[in-house]
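The next block is input_20.pdb, given as PDB, C-alpha atoms, pLDDT in the B column.
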ATOM      1  CA  MET V   1      13.423  10.945 -36.753  1.00 32.00           C
ATOM      2  CA  ASP V   2      14.646  10.317 -33.212  1.00 46.00           C
ATOM      3  CA  PRO V   3      17.488   7.842 -32.808  1.00 62.00           C
ATOM      4  CA  THR V   4      16.654   4.513 -31.207  1.00 86.00           C
ATOM      5  CA  ALA V   5      18.254   3.759 -27.869  1.00 95.00           C
ATOM      6  CA  ARG V   6      20.658   0.831 -27.977  1.00 97.00           C
ATOM      7  CA  ILE V   7      20.532  -1.575 -25.036  1.00 97.00           C
ATOM      8  CA  LEU V   8      23.002  -4.363 -24.315  1.00 98.00           C
ATOM      9  CA  VAL V   9      21.602  -7.364 -22.418  1.00 98.00           C
ATOM     10  CA  VAL V  10      24.253  -9.524 -20.708  1.00 98.00           C
ATOM     11  CA  ASP V  11      23.139 -12.745 -19.017  1.00 97.00           C
ATOM     12  CA  ASP V  12      24.288 -16.358 -19.189  1.00 95.00           C
ATOM     13  CA  ASP V  13      20.689 -17.611 -19.112  1.00 94.00           C
ATOM     14  CA  ARG V  14      19.650 -17.649 -22.779  1.00 96.00           C
ATOM     15  CA  PRO V  15      15.874 -17.809 -22.126  1.00 95.00           C
ATOM     16  CA  THR V  16      16.157 -14.707 -19.917  1.00 94.00           C
ATOM     17  CA  VAL V  17      18.096 -12.883 -22.629  1.00 96.00           C
ATOM     18  CA  MET V  18      15.517 -13.861 -25.255  1.00 96.00           C
ATOM     19  CA  ILE V  19      12.610 -12.669 -23.111  1.00 95.00           C
ATOM     20  CA  ILE V  20      14.261  -9.346 -22.277  1.00 96.00           C
ATOM     21  CA  GLU V  21      15.322  -8.850 -25.893  1.00 97.00           C
ATOM     22  CA  ARG V  22      11.779  -9.489 -27.133  1.00 96.00           C
ATOM     23  CA  LEU V  23      10.254  -7.082 -24.580  1.00 95.00           C
ATOM     24  CA  LEU V  24      12.747  -4.334 -25.402  1.00 96.00           C
ATOM     25  CA  LYS V  25      12.391  -4.724 -29.166  1.00 96.00           C
ATOM     26  CA  LYS V  26       8.605  -4.569 -28.760  1.00 94.00           C
ATOM     27  CA  ASP V  27       9.114  -1.165 -27.133  1.00 93.00           C
ATOM     28  CA  GLY V  28      11.229  -0.030 -30.086  1.00 94.00           C
ATOM     29  CA  TYR V  29      14.740  -0.371 -28.675  1.00 96.00           C
ATOM     30  CA  ASP V  30      17.785  -1.593 -30.596  1.00 96.00           C
ATOM     31  CA  VAL V  31      19.041  -4.603 -28.627  1.00 97.00           C
ATOM     32  CA  CYS V  32      22.355  -6.429 -28.669  1.00 97.00           C
ATOM     33  CA  THR V  33      23.199  -9.385 -26.449  1.00 98.00           C
ATOM     34  CA  ALA V  34      26.050 -11.228 -24.754  1.00 97.00           C
ATOM     35  CA  PHE V  35      26.035 -14.489 -22.805  1.00 97.00           C
ATOM     36  CA  ASP V  36      28.869 -14.126 -20.290  1.00 96.00           C
ATOM     37  CA  GLY V  37      30.730 -11.343 -18.540  1.00 96.00           C
ATOM     38  CA  LYS V  38      33.773 -11.315 -20.798  1.00 96.00           C
ATOM     39  CA  GLU V  39      31.663 -11.179 -23.965  1.00 97.00           C
ATOM     40  CA  GLY V  40      29.477  -8.491 -22.358  1.00 97.00           C
ATOM     41  CA  LEU V  41      32.475  -6.296 -21.645  1.00 96.00           C
ATOM     42  CA  GLN V  42      33.726  -6.702 -25.213  1.00 96.00           C
ATOM     43  CA  ARG V  43      30.290  -5.921 -26.693  1.00 97.00           C
ATOM     44  CA  ALA V  44      29.919  -2.851 -24.477  1.00 97.00           C
ATOM     45  CA  GLN V  45      33.282  -1.509 -25.598  1.00 96.00           C
ATOM     46  CA  ALA V  46      32.493  -2.178 -29.273  1.00 97.00           C
ATOM     47  CA  GLU V  47      28.790  -1.187 -29.359  1.00 94.00           C
ATOM     48  CA  LYS V  48      28.744   1.733 -26.868  1.00 96.00           C
ATOM     49  CA  PRO V  49      25.114   1.114 -25.848  1.00 97.00           C
ATOM     50  CA  ASP V  50      22.979   3.712 -24.089  1.00 96.00           C
ATOM     51  CA  LEU V  51      22.103   1.234 -21.324  1.00 97.00           C
ATOM     52  CA  ILE V  52      23.415  -2.140 -20.165  1.00 98.00           C
ATOM     53  CA  ILE V  53      21.235  -4.711 -18.440  1.00 98.00           C
ATOM     54  CA  LEU V  54      23.794  -6.861 -16.651  1.00 97.00           C
ATOM     55  CA  ASP V  55      23.335 -10.132 -14.774  1.00 94.00           C
ATOM     56  CA  LEU V  56      25.172 -10.387 -11.488  1.00 92.00           C
ATOM     57  CA  MET V  57      26.194 -14.047 -11.506  1.00 90.00           C
ATOM     58  CA  MET V  58      27.858 -15.211 -14.740  1.00 91.00           C
ATOM     59  CA  PRO V  59      30.775 -17.352 -15.869  1.00 87.00           C
ATOM     60  CA  LYS V  60      34.145 -15.945 -16.958  1.00 89.00           C
ATOM     61  CA  MET V  61      33.504 -12.578 -15.254  1.00 93.00           C
ATOM     62  CA  ASP V  62      30.704 -11.674 -12.845  1.00 94.00           C
ATOM     63  CA  GLY V  63      28.551  -8.578 -13.160  1.00 95.00           C
ATOM     64  CA  TYR V  64      30.460  -6.723 -10.446  1.00 95.00           C
ATOM     65  CA  GLU V  65      33.737  -7.081 -12.345  1.00 97.00           C
ATOM     66  CA  VAL V  66      32.166  -6.156 -15.678  1.00 97.00           C
ATOM     67  CA  CYS V  67      30.573  -3.044 -14.179  1.00 97.00           C
ATOM     68  CA  TYR V  68      33.795  -2.058 -12.426  1.00 97.00           C
ATOM     69  CA  ARG V  69      35.760  -2.328 -15.659  1.00 97.00           C
ATOM     70  CA  LEU V  70      33.146  -0.411 -17.622  1.00 97.00           C
ATOM     71  CA  LYS V  71      33.109   2.421 -15.121  1.00 97.00           C
ATOM     72  CA  ASN V  72      36.915   2.637 -15.119  1.00 97.00           C
ATOM     73  CA  ASP V  73      37.148   2.889 -18.914  1.00 97.00           C
ATOM     74  CA  PRO V  74      36.657   6.472 -20.176  1.00 97.00           C
ATOM     75  CA  ASP V  75      34.932   5.130 -23.313  1.00 95.00           C
ATOM     76  CA  THR V  76      32.212   3.315 -21.349  1.00 96.00           C
ATOM     77  CA  ALA V  77      32.139   5.101 -17.985  1.00 96.00           C
ATOM     78  CA  ASP V  78      28.967   7.067 -18.776  1.00 95.00           C
ATOM     79  CA  ILE V  79      26.835   4.062 -19.766  1.00 96.00           C
ATOM     80  CA  ALA V  80      24.089   3.359 -17.211  1.00 96.00           C
ATOM     81  CA  VAL V  81      24.154  -0.187 -15.812  1.00 97.00           C
ATOM     82  CA  LEU V  82      21.012  -1.900 -14.539  1.00 96.00           C
ATOM     83  CA  MET V  83      21.980  -5.066 -12.671  1.00 94.00           C
ATOM     84  CA  LEU V  84      19.867  -8.216 -12.599  1.00 89.00           C
ATOM     85  CA  THR V  85      20.037 -10.700  -9.782  1.00 84.00           C
ATOM     86  CA  ALA V  86      18.341 -13.915  -8.831  1.00 77.00           C
ATOM     87  CA  LYS V  87      19.759 -13.600  -5.309  1.00 65.00           C
ATOM     88  CA  GLY V  88      16.438 -13.469  -3.537  1.00 55.00           C
ATOM     89  CA  GLY V  89      14.283 -10.495  -2.924  1.00 54.00           C
ATOM     90  CA  ILE V  90      11.557  -8.988  -0.815  1.00 54.00           C
ATOM     91  CA  GLU V  91       8.332  -7.464  -2.072  1.00 56.00           C
ATOM     92  CA  ASN V  92       6.900  -4.122  -1.033  1.00 54.00           C
ATOM     93  CA  SER V  93       3.149  -3.530  -0.759  1.00 57.00           C
ATOM     94  CA  ASP V  94       2.938  -2.842  -4.522  1.00 61.00           C
ATOM     95  CA  GLY V  95       4.414  -6.254  -5.339  1.00 58.00           C
ATOM     96  CA  GLN V  96       7.713  -4.729  -6.514  1.00 55.00           C
ATOM     97  CA  LYS V  97      10.770  -6.780  -5.563  1.00 52.00           C
ATOM     98  CA  PHE V  98      13.928  -5.385  -3.998  1.00 54.00           C
ATOM     99  CA  ALA V  99      17.207  -7.146  -3.235  1.00 50.00           C
ATOM    100  CA  ALA V 100      17.046  -8.699   0.208  1.00 48.00           C
ATOM    101  CA  ARG V 101      20.811  -8.716   0.665  1.00 66.00           C
ATOM    102  CA  LEU V 102      21.837  -5.141   1.252  1.00 73.00           C
ATOM    103  CA  GLU V 103      25.526  -5.999   0.830  1.00 76.00           C
ATOM    104  CA  ASP V 104      24.874  -7.179  -2.752  1.00 78.00           C
ATOM    105  CA  ARG V 105      23.163  -3.906  -3.645  1.00 79.00           C
ATOM    106  CA  LEU V 106      25.826  -1.808  -1.931  1.00 82.00           C
ATOM    107  CA  ARG V 107      28.611  -3.629  -3.749  1.00 86.00           C
ATOM    108  CA  GLY V 108      26.775  -3.085  -7.046  1.00 86.00           C
ATOM    109  CA  PHE V 109      26.406   0.622  -6.398  1.00 89.00           C
ATOM    110  CA  GLU V 110      30.068   0.835  -5.361  1.00 93.00           C
ATOM    111  CA  VAL V 111      31.178  -0.533  -8.734  1.00 94.00           C
ATOM    112  CA  GLY V 112      28.861   1.827 -10.624  1.00 95.00           C
ATOM    113  CA  ALA V 113      25.437   0.210 -11.104  1.00 94.00           C
ATOM    114  CA  VAL V 114      22.547   2.666 -11.017  1.00 94.00           C
ATOM    115  CA  ASP V 115      19.698   0.248 -10.315  1.00 91.00           C
ATOM    116  CA  PHE V 116      18.767  -3.398  -9.641  1.00 87.00           C
ATOM    117  CA  LEU V 117      16.009  -5.711 -10.822  1.00 87.00           C
ATOM    118  CA  ILE V 118      15.238  -9.066  -9.212  1.00 83.00           C
ATOM    119  CA  LYS V 119      14.576 -12.129 -11.370  1.00 84.00           C
ATOM    120  CA  PRO V 120      12.060 -13.176 -12.452  1.00 84.00           C
ATOM    121  CA  ILE V 121      11.470  -9.837 -14.125  1.00 86.00           C
ATOM    122  CA  LYS V 122       8.016  -8.407 -14.644  1.00 89.00           C
ATOM    123  CA  ALA V 123       7.612  -6.799 -18.074  1.00 92.00           C
ATOM    124  CA  LYS V 124       6.084  -3.597 -16.673  1.00 93.00           C
ATOM    125  CA  ASP V 125       8.917  -3.183 -14.140  1.00 91.00           C
ATOM    126  CA  LEU V 126      11.538  -3.634 -16.849  1.00 94.00           C
ATOM    127  CA  ALA V 127       9.812  -1.129 -19.133  1.00 94.00           C
ATOM    128  CA  LYS V 128       9.554   1.484 -16.369  1.00 94.00           C
ATOM    129  CA  ARG V 129      13.169   1.119 -15.263  1.00 94.00           C
ATOM    130  CA  VAL V 130      14.563   1.199 -18.790  1.00 96.00           C
ATOM    131  CA  LYS V 131      12.542   4.283 -19.694  1.00 94.00           C
ATOM    132  CA  ALA V 132      13.567   6.081 -16.497  1.00 94.00           C
ATOM    133  CA  LEU V 133      17.263   5.258 -16.874  1.00 94.00           C
ATOM    134  CA  LEU V 134      17.341   6.317 -20.519  1.00 94.00           C
ATOM    135  CA  TRP V 135      15.501   9.535 -19.671  1.00 89.00           C
ATOM    136  CA  ALA V 136      17.905  10.248 -16.804  1.00 82.00           C
ATOM    137  CA  GLY V 137      20.825   9.697 -19.192  1.00 70.00           C
ATOM    138  CA  GLY V 138      19.453  12.312 -21.552  1.00 63.00           C
ATOM    139  CA  PHE V 139      18.208   9.972 -24.238  1.00 57.00           C
TER     140      PHE V 139
END

Written form, structure tokens:
Amino acid sequence: MDPTARILVVDDDRPTVMIIERLLKKDGYDVCTAFDGKEGLQRAQAEKPDLIILDLMMPKMDGYEVCYRLKNDPDTADIAVLMLTAKGGIENSDGQKFAARLEDRLRGFEVGAVDFLIKPIKAKDLAKRVKALLWAGGF
């Protein structure tokens, strides 16, 4: 039997976490959660997930700082980080949203994020991104 990918969802908005958790579990993933940046960093270090879905704006420690710390810790440096943001967005012709503020995306990539999703999240976009990132990571 193939192992189940473990995904950590870190967001201070509990309804968002519950929705993402439900969607991921429906697709067969093992999901753990955290509700602020500090807790997310601790859970990542303890759980060693295959993927982290990380909100950008959170109390105690923002997503940039969490990602930076993860990528500078040898135990967590290889975990893919998909950042979530509610900081606006623009849609392409397929209705897919992209961050409007280039500086936010660039800063995220500089600290080690591999991709971004704009809130509100569409279930099909989340499923595609998660599958692609796990595949790219060799899972």

Practice problem: May I have the residues at most 12 Å from (4.9, -9.0, -21.4) in the file's coordinates, counting only C-alpha atoms, as a list in words? | Solution: Ile19, Ile20, Glu21, Arg22, Leu23, Leu24, Lys25, Lys26, Asp27, Ile121, Lys122, Ala123, Lys124, Asp125, Leu126 and Ala127 of chain V

Exercise. I need the residue set behind the PyMOL selection byres ((chain V and resi 72-88) around 6) for this file; please write it as a list in words.
Key: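 Taken on the displayed file, the PyMOL selection byres ((chain V and resi 72-88) around 6) yields the residues Asp50, Leu51, Ile52, Ile53, Leu54, Asp55, Leu56, Arg69, Leu70, Lys71, Gly89, Ala113, Val114, Asp115, Phe116, Leu117, Ile118 and Lys119 of chain V.
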
Practice problem: Select, from V:Ala132, V:Asp13, V:Phe35, V:Gly137, the residue with the minimum atom-to-atom distance to Pro49 (chain V), counting all atoms listed in the file. | Solution: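 Counting all atoms listed in the file, the residue closest to Pro49 (chain V) is V:Gly137.
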
Quiz item: Hey, what comes out of the PyMOL selection byres ((chain V and resi 30) around 6) on this file? Could you write it as a list of chain:residue names?
Solution: V:Arg6, V:Tyr29, V:Val31

Quiz item: In Å, with one decimal, what is the gap from CA of Ala44 (chain V) to CA of Met61 (chain V)?
Solution: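 Between CA of Ala44 (chain V) and CA of Met61 (chain V) the gap works out to 13.9 Å.
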
Exercise. State, in Å with one decimal place, the distance from CA of Ala46 (chain V) to CA of Arg107 (chain V).
Key: 25.9 Å

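Using only C-alpha atoms, the smallest distance between any of V:Gln42, V:Glu110, V:Lys48, V:Asp11 and Tyr68 (chain V) comes from V:Glu110.
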
Quiz prompt | d(CA of Thr4 (chain V), CA of Gly108 (chain V)) in Å | solution = 27.3 Å

Exercise. Could you tell me which of V:Asp12, V:Gly28, V:Asp104, V:Arg43 comes closest to Lys60 (chain V) if we count all atoms listed in the file?
Key: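 Among the listed residues, the smallest separation from Lys60 (chain V) belongs to V:Asp12.
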
Let me know the centre plus edge lengths, in Å and rounded to one decimal, of a box with edges along x, y and z that contains all listed atoms of region 42-49 of chain V and is padded by 3 Å on every side, as AutoDock Vina command-line options.
--center_x 29.4 --center_y -2.5 --center_z -26.9 --size_x 14.6 --size_y 14.4 --size_z 10.9

Quiz prompt | Nearest residue to Thr33 (chain V) from the set V:Met57, V:Pro15, V:Ile7, V:Cys67 (distances using only C-alpha atoms) | solution = V:Ile7

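Remark: for Gly63 (chain V), the closest of the candidate residues V:Leu102, V:Val9, V:Val130, V:Cys32 is V:Val9 (distances computed over all atoms listed in the file).
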
Quiz item: From the list V:Val111, V:Glu47, V:Leu8, V:Arg105, which residue is nearest Val66 (chain V) when using all atoms listed in the file?
Solution: V:Val111
